[in-house]
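Visitor: Sharing my_file.tsv (TSV, N, CA and C atoms) below.
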chain	number	residue	atom	x	y	z
A	707	MET	N	0.82	-1.19	0.00
A	707	MET	CA	0.00	0.00	0.00
A	707	MET	C	0.86	1.25	0.00
A	708	SER	N	1.94	1.29	0.77
A	708	SER	CA	2.78	2.48	0.81
A	708	SER	C	3.46	2.72	-0.54
A	709	LEU	N	3.78	1.66	-1.29
A	709	LEU	CA	4.38	1.82	-2.61
A	709	LEU	C	3.39	2.51	-3.54
A	710	GLN	N	2.14	2.11	-3.49
A	710	GLN	CA	1.13	2.73	-4.33
A	710	GLN	C	0.96	4.20	-3.96
A	711	ALA	N	0.98	4.52	-2.68
A	711	ALA	CA	0.87	5.91	-2.24
A	711	ALA	C	2.05	6.73	-2.77
A	712	TYR	N	3.24	6.15	-2.76
A	712	TYR	CA	4.43	6.84	-3.28
A	712	TYR	C	4.27	7.09	-4.77
A	713	LYS	N	3.80	6.09	-5.52
A	713	LYS	CA	3.62	6.25	-6.96
A	713	LYS	C	2.61	7.35	-7.26
A	714	THR	N	1.54	7.38	-6.50
A	714	THR	CA	0.51	8.40	-6.70
A	714	THR	C	1.06	9.78	-6.42
A	715	ALA	N	1.81	9.92	-5.32
A	715	ALA	CA	2.40	11.21	-4.97
A	715	ALA	C	3.41	11.64	-6.02
A	716	ALA	N	4.22	10.73	-6.50
A	716	ALA	CA	5.22	11.05	-7.51
A	716	ALA	C	4.54	11.50	-8.80
A	717	ALA	N	3.46	10.83	-9.18
A	717	ALA	CA	2.76	11.18	-10.40
A	717	ALA	C	2.15	12.57	-10.29
A	718	ARG	N	1.67	12.94	-9.14
A	718	ARG	CA	1.06	14.26	-8.95
A	718	ARG	C	2.11	15.37	-8.92
A	719	ALA	N	3.30	15.07	-8.46
A	719	ALA	CA	4.34	16.08	-8.31
A	719	ALA	C	5.13	16.31	-9.59
A	720	GLU	N	4.97	15.46	-10.58
A	720	GLU	CA	5.77	15.52	-11.79
A	720	GLU	C	4.93	16.01	-12.96
A	721	THR	N	5.44	17.01	-13.68
A	721	THR	CA	4.74	17.47	-14.88
A	721	THR	C	4.96	16.44	-16.00
A	722	PRO	N	4.13	16.46	-17.03
A	722	PRO	CA	4.35	15.54	-18.15
A	722	PRO	C	5.74	15.70	-18.76
A	723	ARG	N	6.22	16.91	-18.86
A	723	ARG	CA	7.55	17.17	-19.42
A	723	ARG	C	8.63	16.54	-18.53
A	724	GLU	N	8.48	16.67	-17.22
A	724	GLU	CA	9.45	16.07	-16.29
A	724	GLU	C	9.40	14.55	-16.37
A	725	MET	N	8.20	14.01	-16.54
A	725	MET	CA	8.04	12.57	-16.65
A	725	MET	C	8.73	12.07	-17.93
A	726	GLU	N	8.55	12.80	-19.04
A	726	GLU	CA	9.20	12.43	-20.29
A	726	GLU	C	10.72	12.49	-20.13
A	727	TYR	N	11.21	13.54	-19.47
A	727	TYR	CA	12.65	13.68	-19.25
A	727	TYR	C	13.19	12.50	-18.44
A	728	ARG	N	12.46	12.16	-17.39
A	728	ARG	CA	12.89	11.04	-16.53
A	728	ARG	C	12.91	9.73	-17.32
A	729	LEU	N	11.88	9.49	-18.12
A	729	LEU	CA	11.82	8.27	-18.92
A	729	LEU	C	12.96	8.23	-19.94
A	730	PHE	N	13.19	9.34	-20.63
A	730	PHE	CA	14.30	9.38	-21.57
A	730	PHE	C	15.63	9.14	-20.85
A	731	GLY	N	15.77	9.66	-19.65
A	731	GLY	CA	16.98	9.43	-18.87
A	731	GLY	C	17.18	7.96	-18.55
A	732	GLN	N	16.11	7.30	-18.15
A	732	GLN	CA	16.21	5.87	-17.82
A	732	GLN	C	16.56	5.04	-19.06
A	733	VAL	N	15.91	5.33	-20.16
A	733	VAL	CA	16.16	4.58	-21.39
A	733	VAL	C	17.58	4.85	-21.89
A	734	THR	N	18.00	6.10	-21.83
A	734	THR	CA	19.33	6.46	-22.31
A	734	THR	C	20.41	5.81	-21.46
A	735	ARG	N	20.21	5.76	-20.15
A	735	ARG	CA	21.17	5.06	-19.29
A	735	ARG	C	21.24	3.57	-19.65
A	736	ALA	N	20.10	2.98	-19.96
A	736	ALA	CA	20.09	1.57	-20.37
A	736	ALA	C	20.86	1.38	-21.68
A	737	LEU	N	20.70	2.30	-22.62
A	737	LEU	CA	21.45	2.23	-23.87
A	737	LEU	C	22.95	2.39	-23.63
A	738	MET	N	23.29	3.33	-22.77
A	738	MET	CA	24.71	3.57	-22.47
A	738	MET	C	25.33	2.33	-21.83
A	739	HIS	N	24.60	1.70	-20.93
A	739	HIS	CA	25.10	0.48	-20.30
A	739	HIS	C	25.23	-0.63	-21.34
A	740	ALA	N	24.22	-0.78	-22.16
A	740	ALA	CA	24.24	-1.84	-23.18
A	740	ALA	C	25.40	-1.64	-24.15
A	741	SER	N	25.75	-0.39	-24.40
A	741	SER	CA	26.84	-0.12	-25.35
A	741	SER	C	28.20	-0.57	-24.81
A	742	THR	N	28.29	-0.76	-23.50
A	742	THR	CA	29.55	-1.20	-22.89
A	742	THR	C	29.66	-2.72	-22.80
A	743	LEU	N	28.56	-3.41	-23.10
A	743	LEU	CA	28.55	-4.87	-22.98
A	743	LEU	C	29.17	-5.53	-24.20
A	744	GLU	N	29.69	-6.70	-23.99
A	744	GLU	CA	30.22	-7.49	-25.10
A	744	GLU	C	29.06	-7.84	-26.04
A	745	SER	N	29.36	-7.97	-27.31
A	745	SER	CA	28.32	-8.30	-28.28
A	745	SER	C	27.69	-9.66	-28.01
A	746	SER	N	28.38	-10.49	-27.22
A	746	SER	CA	27.82	-11.80	-26.87
A	746	SER	C	26.70	-11.70	-25.84
A	747	GLU	N	26.58	-10.56	-25.17
A	747	GLU	CA	25.51	-10.36	-24.17
A	747	GLU	C	24.27	-9.82	-24.89
A	748	ILE	N	23.75	-10.68	-25.73
A	748	ILE	CA	22.68	-10.30	-26.65
A	748	ILE	C	21.40	-9.87	-25.92
A	749	ALA	N	20.97	-10.61	-24.92
A	749	ALA	CA	19.70	-10.33	-24.26
A	749	ALA	C	19.68	-8.93	-23.64
A	750	ALA	N	20.73	-8.55	-22.94
A	750	ALA	CA	20.76	-7.23	-22.29
A	750	ALA	C	20.81	-6.12	-23.34
A	751	ARG	N	21.54	-6.34	-24.41
A	751	ARG	CA	21.63	-5.33	-25.47
A	751	ARG	C	20.27	-5.17	-26.17
A	752	ILE	N	19.61	-6.30	-26.44
A	752	ILE	CA	18.31	-6.24	-27.10
A	752	ILE	C	17.26	-5.61	-26.19
A	753	ASP	N	17.32	-5.89	-24.90
A	753	ASP	CA	16.36	-5.28	-23.96
A	753	ASP	C	16.43	-3.76	-24.02
A	754	ALA	N	17.65	-3.20	-23.99
A	754	ALA	CA	17.81	-1.75	-24.04
A	754	ALA	C	17.32	-1.19	-25.37
A	755	LEU	N	17.69	-1.85	-26.46
A	755	LEU	CA	17.24	-1.39	-27.78
A	755	LEU	C	15.73	-1.47	-27.92
A	756	ASP	N	15.14	-2.53	-27.41
A	756	ASP	CA	13.69	-2.69	-27.48
A	756	ASP	C	12.97	-1.63	-26.66
A	757	TRP	N	13.50	-1.32	-25.47
A	757	TRP	CA	12.88	-0.29	-24.63
A	757	TRP	C	12.92	1.05	-25.35
A	758	ASN	N	14.05	1.38	-25.96
A	758	ASN	CA	14.18	2.64	-26.68
A	758	ASN	C	13.25	2.66	-27.89
A	759	ARG	N	13.18	1.55	-28.60
A	759	ARG	CA	12.31	1.47	-29.78
A	759	ARG	C	10.85	1.62	-29.38
A	760	ARG	N	10.46	1.00	-28.26
A	760	ARG	CA	9.06	1.12	-27.79
A	760	ARG	C	8.76	2.55	-27.38
A	761	LEU	N	9.72	3.24	-26.76
A	761	LEU	CA	9.51	4.65	-26.38
A	761	LEU	C	9.26	5.49	-27.63
A	762	TRP	N	10.11	5.34	-28.63
A	762	TRP	CA	9.95	6.12	-29.85
A	762	TRP	C	8.70	5.73	-30.62
A	763	SER	N	8.34	4.48	-30.59
A	763	SER	CA	7.12	4.03	-31.25
A	763	SER	C	5.88	4.66	-30.59
A	764	ALA	N	5.90	4.73	-29.27
A	764	ALA	CA	4.79	5.36	-28.55
A	764	ALA	C	4.69	6.84	-28.90
A	765	LEU	N	5.84	7.51	-29.01
A	765	LEU	CA	5.83	8.93	-29.39
A	765	LEU	C	5.27	9.10	-30.80
A	766	ALA	N	5.69	8.24	-31.73
A	766	ALA	CA	5.20	8.32	-33.10
A	766	ALA	C	3.70	8.06	-33.17
A	767	THR	N	3.25	7.09	-32.41
A	767	THR	CA	1.82	6.77	-32.38
A	767	THR	C	1.03	7.97	-31.86
A	768	ASP	N	1.54	8.61	-30.82
A	768	ASP	CA	0.88	9.80	-30.28
A	768	ASP	C	0.87	10.93	-31.31
A	769	CYS	N	1.94	11.07	-32.06
A	769	CYS	CA	2.02	12.12	-33.07
A	769	CYS	C	1.07	11.86	-34.25
A	770	SER	N	0.74	10.61	-34.50
A	770	SER	CA	-0.16	10.30	-35.61
A	770	SER	C	-1.63	10.46	-35.22
A	771	ASP	N	-1.90	10.71	-33.96
A	771	ASP	CA	-3.27	10.92	-33.49
A	771	ASP	C	-3.77	12.28	-34.01
A	772	PRO	N	-4.90	12.30	-34.70
A	772	PRO	CA	-5.43	13.57	-35.24
A	772	PRO	C	-5.73	14.61	-34.15
A	773	ASP	N	-5.94	14.17	-32.92
A	773	ASP	CA	-6.25	15.10	-31.84
A	773	ASP	C	-4.98	15.69	-31.21
A	774	ASN	N	-3.81	15.24	-31.65
A	774	ASN	CA	-2.56	15.78	-31.12
A	774	ASN	C	-2.41	17.20	-31.62
A	775	ALA	N	-2.25	18.16	-30.69
A	775	ALA	CA	-2.21	19.58	-31.03
A	775	ALA	C	-0.81	20.08	-31.35
A	776	MET	N	0.17	19.18	-31.37
A	776	MET	CA	1.54	19.59	-31.68
A	776	MET	C	1.62	20.13	-33.11
A	777	VAL	N	2.59	20.99	-33.35
A	777	VAL	CA	2.82	21.56	-34.68
A	777	VAL	C	3.09	20.41	-35.66
A	778	PRO	N	2.45	20.41	-36.83
A	778	PRO	CA	2.63	19.31	-37.78
A	778	PRO	C	4.08	19.01	-38.14
A	779	ALA	N	4.91	20.03	-38.30
A	779	ALA	CA	6.31	19.79	-38.65
A	779	ALA	C	7.04	19.04	-37.55
A	780	LEU	N	6.75	19.36	-36.30
A	780	LEU	CA	7.39	18.66	-35.18
A	780	LEU	C	6.90	17.22	-35.10
A	781	LYS	N	5.60	17.03	-35.32
A	781	LYS	CA	5.07	15.66	-35.34
A	781	LYS	C	5.76	14.83	-36.41
A	782	ALA	N	5.94	15.41	-37.58
A	782	ALA	CA	6.60	14.70	-38.68
A	782	ALA	C	8.05	14.36	-38.32
A	783	GLN	N	8.73	15.28	-37.66
A	783	GLN	CA	10.12	15.03	-37.25
A	783	GLN	C	10.20	13.88	-36.25
A	784	ILE	N	9.29	13.86	-35.30
A	784	ILE	CA	9.28	12.80	-34.29
A	784	ILE	C	9.01	11.45	-34.94
A	785	ILE	N	8.06	11.41	-35.86
A	785	ILE	CA	7.77	10.16	-36.57
A	785	ILE	C	8.99	9.72	-37.38
A	786	SER	N	9.65	10.66	-38.02
A	786	SER	CA	10.85	10.34	-38.80
A	786	SER	C	11.96	9.79	-37.90
A	787	ILE	N	12.16	10.40	-36.74
A	787	ILE	CA	13.17	9.90	-35.80
A	787	ILE	C	12.80	8.50	-35.34
A	788	SER	N	11.53	8.27	-35.09
A	788	SER	CA	11.08	6.94	-34.67
A	788	SER	C	11.43	5.89	-35.71
A	789	LEU	N	11.23	6.21	-36.98
A	789	LEU	CA	11.57	5.28	-38.05
A	789	LEU	C	13.08	5.04	-38.10
A	790	PHE	N	13.86	6.11	-37.92
A	790	PHE	CA	15.32	5.96	-37.89
A	790	PHE	C	15.74	5.08	-36.72
A	791	VAL	N	15.16	5.32	-35.55
A	791	VAL	CA	15.51	4.52	-34.36
A	791	VAL	C	15.24	3.05	-34.62
A	792	SER	N	14.14	2.74	-35.25
A	792	SER	CA	13.81	1.34	-35.55
A	792	SER	C	14.84	0.72	-36.49
A	793	ARG	N	15.15	1.43	-37.57
A	793	ARG	CA	16.13	0.91	-38.54
A	793	ARG	C	17.52	0.78	-37.90
A	794	HIS	N	17.93	1.79	-37.15
A	794	HIS	CA	19.27	1.79	-36.55
A	794	HIS	C	19.37	0.70	-35.48
A	795	SER	N	18.31	0.49	-34.73
A	795	SER	CA	18.30	-0.58	-33.72
A	795	SER	C	18.52	-1.93	-34.38
A	796	SER	N	17.87	-2.15	-35.51
A	796	SER	CA	18.06	-3.41	-36.24
A	796	SER	C	19.50	-3.55	-36.71
A	797	ALA	N	20.09	-2.46	-37.16
A	797	ALA	CA	21.49	-2.50	-37.61
A	797	ALA	C	22.42	-2.83	-36.45
A	798	ILE	N	22.13	-2.31	-35.27
A	798	ILE	CA	22.95	-2.62	-34.09
A	798	ILE	C	22.82	-4.10	-33.77
A	799	MET	N	21.61	-4.62	-33.80
A	799	MET	CA	21.40	-6.03	-33.48
A	799	MET	C	22.11	-6.95	-34.47
A	800	ARG	N	22.26	-6.48	-35.71
A	800	ARG	CA	22.97	-7.28	-36.71
A	800	ARG	C	24.48	-7.08	-36.61
A	801	GLY	N	24.92	-6.19	-35.72
A	801	GLY	CA	26.35	-5.92	-35.56
A	801	GLY	C	26.92	-4.99	-36.61
A	802	GLU	N	26.05	-4.25	-37.30
A	802	GLU	CA	26.48	-3.35	-38.37
A	802	GLU	C	26.70	-1.92	-37.91
A	803	ASP	N	26.31	-1.60	-36.69
A	803	ASP	CA	26.45	-0.23	-36.20
A	803	ASP	C	26.55	-0.25	-34.69
A	804	ASP	N	26.71	0.95	-34.08
A	804	ASP	CA	26.83	1.03	-32.63
A	804	ASP	C	25.71	1.88	-32.04
A	805	PHE	N	25.73	2.03	-30.74
A	805	PHE	CA	24.67	2.70	-30.00
A	805	PHE	C	24.77	4.23	-30.02
A	806	GLU	N	25.88	4.76	-30.47
A	806	GLU	CA	26.17	6.18	-30.31
A	806	GLU	C	25.07	7.11	-30.83
A	807	ALA	N	24.57	6.85	-32.04
A	807	ALA	CA	23.55	7.73	-32.63
A	807	ALA	C	22.27	7.74	-31.78
A	808	LEU	N	21.85	6.57	-31.30
A	808	LEU	CA	20.64	6.50	-30.48
A	808	LEU	C	20.82	7.25	-29.17
A	809	ILE	N	21.98	7.09	-28.55
A	809	ILE	CA	22.27	7.79	-27.30
A	809	ILE	C	22.28	9.29	-27.54
A	810	ASP	N	22.92	9.73	-28.63
A	810	ASP	CA	22.98	11.16	-28.94
A	810	ASP	C	21.60	11.75	-29.18
A	811	ILE	N	20.76	11.04	-29.92
A	811	ILE	CA	19.40	11.52	-30.18
A	811	ILE	C	18.65	11.70	-28.87
A	812	ASN	N	18.70	10.69	-28.01
A	812	ASN	CA	17.98	10.78	-26.73
A	812	ASN	C	18.51	11.93	-25.87
A	813	LYS	N	19.81	12.12	-25.86
A	813	LYS	CA	20.39	13.22	-25.08
A	813	LYS	C	19.92	14.57	-25.61
A	814	MET	N	19.83	14.71	-26.93
A	814	MET	CA	19.34	15.97	-27.50
A	814	MET	C	17.88	16.22	-27.12
A	815	VAL	N	17.08	15.17	-27.14
A	815	VAL	CA	15.68	15.32	-26.74
A	815	VAL	C	15.61	15.73	-25.27
A	816	MET	N	16.45	15.12	-24.44
A	816	MET	CA	16.48	15.47	-23.02
A	816	MET	C	16.88	16.93	-22.82
A	817	GLN	N	17.82	17.43	-23.61
A	817	GLN	CA	18.20	18.83	-23.51
A	817	GLN	C	17.02	19.73	-23.85
A	818	GLY	N	16.27	19.34	-24.87
A	818	GLY	CA	15.09	20.11	-25.25
A	818	GLY	C	14.02	20.07	-24.17
A	819	LEU	N	13.83	18.92	-23.56
A	819	LEU	CA	12.84	18.80	-22.48
A	819	LEU	C	13.26	19.59	-21.25
A	820	ALA	N	14.57	19.69	-21.02
A	820	ALA	CA	15.06	20.41	-19.85
A	820	ALA	C	14.88	21.91	-20.00
A	821	GLY	N	14.77	22.37	-21.24
A	821	GLY	CA	14.59	23.79	-21.46
A	821	GLY	C	15.92	24.53	-21.45
A	822	PRO	N	15.84	25.84	-21.59
A	822	PRO	CA	17.06	26.63	-21.62
A	822	PRO	C	17.78	26.63	-20.28
A	823	GLY	N	19.08	26.63	-20.35
A	823	GLY	CA	19.90	26.64	-19.13
A	823	GLY	C	19.94	28.02	-18.52
A	824	PRO	N	20.63	28.15	-17.38
A	824	PRO	CA	20.75	29.45	-16.73
A	824	PRO	C	21.40	30.46	-17.66
A	825	GLY	N	20.82	31.65	-17.71
A	825	GLY	CA	21.37	32.70	-18.53
A	825	GLY	C	20.94	32.66	-19.99
A	826	ALA	N	20.19	31.65	-20.38
A	826	ALA	CA	19.78	31.54	-21.78
A	826	ALA	C	18.86	32.69	-22.18
A	827	GLN	N	18.00	33.14	-21.27
A	827	GLN	CA	17.10	34.23	-21.59
A	827	GLN	C	17.86	35.54	-21.74
A	828	GLN	N	18.95	35.70	-20.97
A	828	GLN	CA	19.73	36.90	-21.06
A	828	GLN	C	20.40	37.01	-22.42
A	829	ALA	N	20.81	35.85	-22.98
A	829	ALA	CA	21.50	35.87	-24.28
A	829	ALA	C	20.53	36.11	-25.43
A	830	ALA	N	19.25	35.81	-25.21
A	830	ALA	CA	18.27	35.95	-26.30
A	830	ALA	C	17.88	37.37	-26.56
Written as structure tokens, how would this file's structure read?

Guide:
Amino acid sequence: MSLQAYKTAAARAETPREMEYRLFGQVTRALMHASTLESSEIAARIDALDWNRRLWSALATDCSDPDNAMVPALKAQIISISLFVSRHSSAIMRGEDDFEALIDINKMVMQGLAGPGPGAQQAA
């Protein structure tokens, strides 16, 4: 019961943007860890890739919803990134590429979710 109370309190205290940032952080850490594993540790590497692919697939699905109020160009970009993530994940699983591009993409999204840093408004 106390675990459920904690989850409820955490959900109320976190904005959707903060929740997305936290999720991207968790997935990106999993990718970073998987990138350090030997290629023979297939299950752990696939788990991280699958989690990242499912995250991007969910974002693309949300962007394809006609009720999504996001700017059409941004929705198209997210869907395009989702397709790239899927293709690149397959290439990693085949041993044809590495995790770097996926990690970089997620880090850039996290920077965007975090918003401008201190002093950014002063420079604008």

Visitor: Separation of atom CA of Arg735 of chain A and atom CA of Cys769 of chain A, in Å?

Guide: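 So the answer is 24.6 Å.
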
Visitor: Output as lines of an AutoDock Vina configuration file the centre and edge lengths (Å, one decimal) of the box along x, y and z of the file that holds every listed atom of segment 762-780 of chain A after adding 5 Å on each side.

Guide:
center_x = 1.9
center_y = 12.8
center_z = -33.6
size_x = 26.4
size_y = 27.5
size_z = 20.1

Visitor: Using DSSP on the backbone coordinates, identify all residues within segment 730-759 of chain A classified as helix (DSSP H, G or I); present the result as a PyMOL selection string.

Guide: chain A and resi 730-742+748-759

Visitor: Check the smallest atom-to-atom distance from each of A:Ser770, A:Ser795, A:Val777, A:Thr734 to Leu755 of chain A using all atoms listed in the file, then report the winner.

Guide: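 Answer, going by the shortest atom-to-atom distance: A:Ser795.
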
Visitor: Nearest residue to Asn812 of chain A out of A:Arg723, A:Asp768, A:Gly731, A:Lys781, using all atoms listed in the file?

Guide: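 Selected residue with least distance to Asn812 of chain A: A:Gly731.
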
Visitor: Can you list every residue of segment 707-790 of chain A that has an atom at most 8 Å from segment 803-809 of chain A, with its nearest atom pair and the distance in Å to one decimal, using all atoms listed in the file, ordered by chain then number, as a Markdown table?

Guide:
| residue | atom | partner | partner_atom | distance |
| --- | --- | --- | --- | --- |
| A:Val733 | C | A:Ile809 | CA | 7.7 |
| A:Thr734 | CA | A:Ile809 | CA | 5.9 |
| A:Arg735 | N | A:Ile809 | CA | 7.7 |
| A:Leu737 | C | A:Ile809 | CA | 6.6 |
| A:Met738 | N | A:Ile809 | CA | 6.4 |
| A:Ala740 | C | A:Phe805 | CA | 7.3 |
| A:Ser741 | CA | A:Phe805 | CA | 5.9 |

Visitor: What would the file be for segment 742-765 of chain A if you keep C-alpha atoms and write it as a PDB file, in the first residue's frame?

Guide:
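Saved as out-v1.pdb:
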ATOM      1  CA  THR A 742      29.550  -1.202 -22.892  1.00  0.00           C
ATOM      2  CA  LEU A 743      28.550  -4.866 -22.979  1.00  0.00           C
ATOM      3  CA  GLU A 744      30.217  -7.490 -25.101  1.00  0.00           C
ATOM      4  CA  SER A 745      28.319  -8.302 -28.282  1.00  0.00           C
ATOM      5  CA  SER A 746      27.818 -11.802 -26.869  1.00  0.00           C
ATOM      6  CA  GLU A 747      25.505 -10.358 -24.172  1.00  0.00           C
ATOM      7  CA  ILE A 748      22.677 -10.296 -26.645  1.00  0.00           C
ATOM      8  CA  ALA A 749      19.698 -10.325 -24.256  1.00  0.00           C
ATOM      9  CA  ALA A 750      20.765  -7.229 -22.295  1.00  0.00           C
ATOM     10  CA  ARG A 751      21.625  -5.327 -25.471  1.00  0.00           C
ATOM     11  CA  ILE A 752      18.309  -6.243 -27.100  1.00  0.00           C
ATOM     12  CA  ASP A 753      16.365  -5.281 -23.961  1.00  0.00           C
ATOM     13  CA  ALA A 754      17.805  -1.749 -24.039  1.00  0.00           C
ATOM     14  CA  LEU A 755      17.241  -1.393 -27.782  1.00  0.00           C
ATOM     15  CA  ASP A 756      13.689  -2.692 -27.481  1.00  0.00           C
ATOM     16  CA  TRP A 757      12.883  -0.289 -24.629  1.00  0.00           C
ATOM     17  CA  ASN A 758      14.177   2.640 -26.681  1.00  0.00           C
ATOM     18  CA  ARG A 759      12.313   1.471 -29.782  1.00  0.00           C
ATOM     19  CA  ARG A 760       9.062   1.117 -27.794  1.00  0.00           C
ATOM     20  CA  LEU A 761       9.511   4.646 -26.383  1.00  0.00           C
ATOM     21  CA  TRP A 762       9.955   6.123 -29.846  1.00  0.00           C
ATOM     22  CA  SER A 763       7.120   4.033 -31.251  1.00  0.00           C
ATOM     23  CA  ALA A 764       4.786   5.359 -28.550  1.00  0.00           C
ATOM     24  CA  LEU A 765       5.827   8.927 -29.386  1.00  0.00           C
TER      25      LEU A 765
END
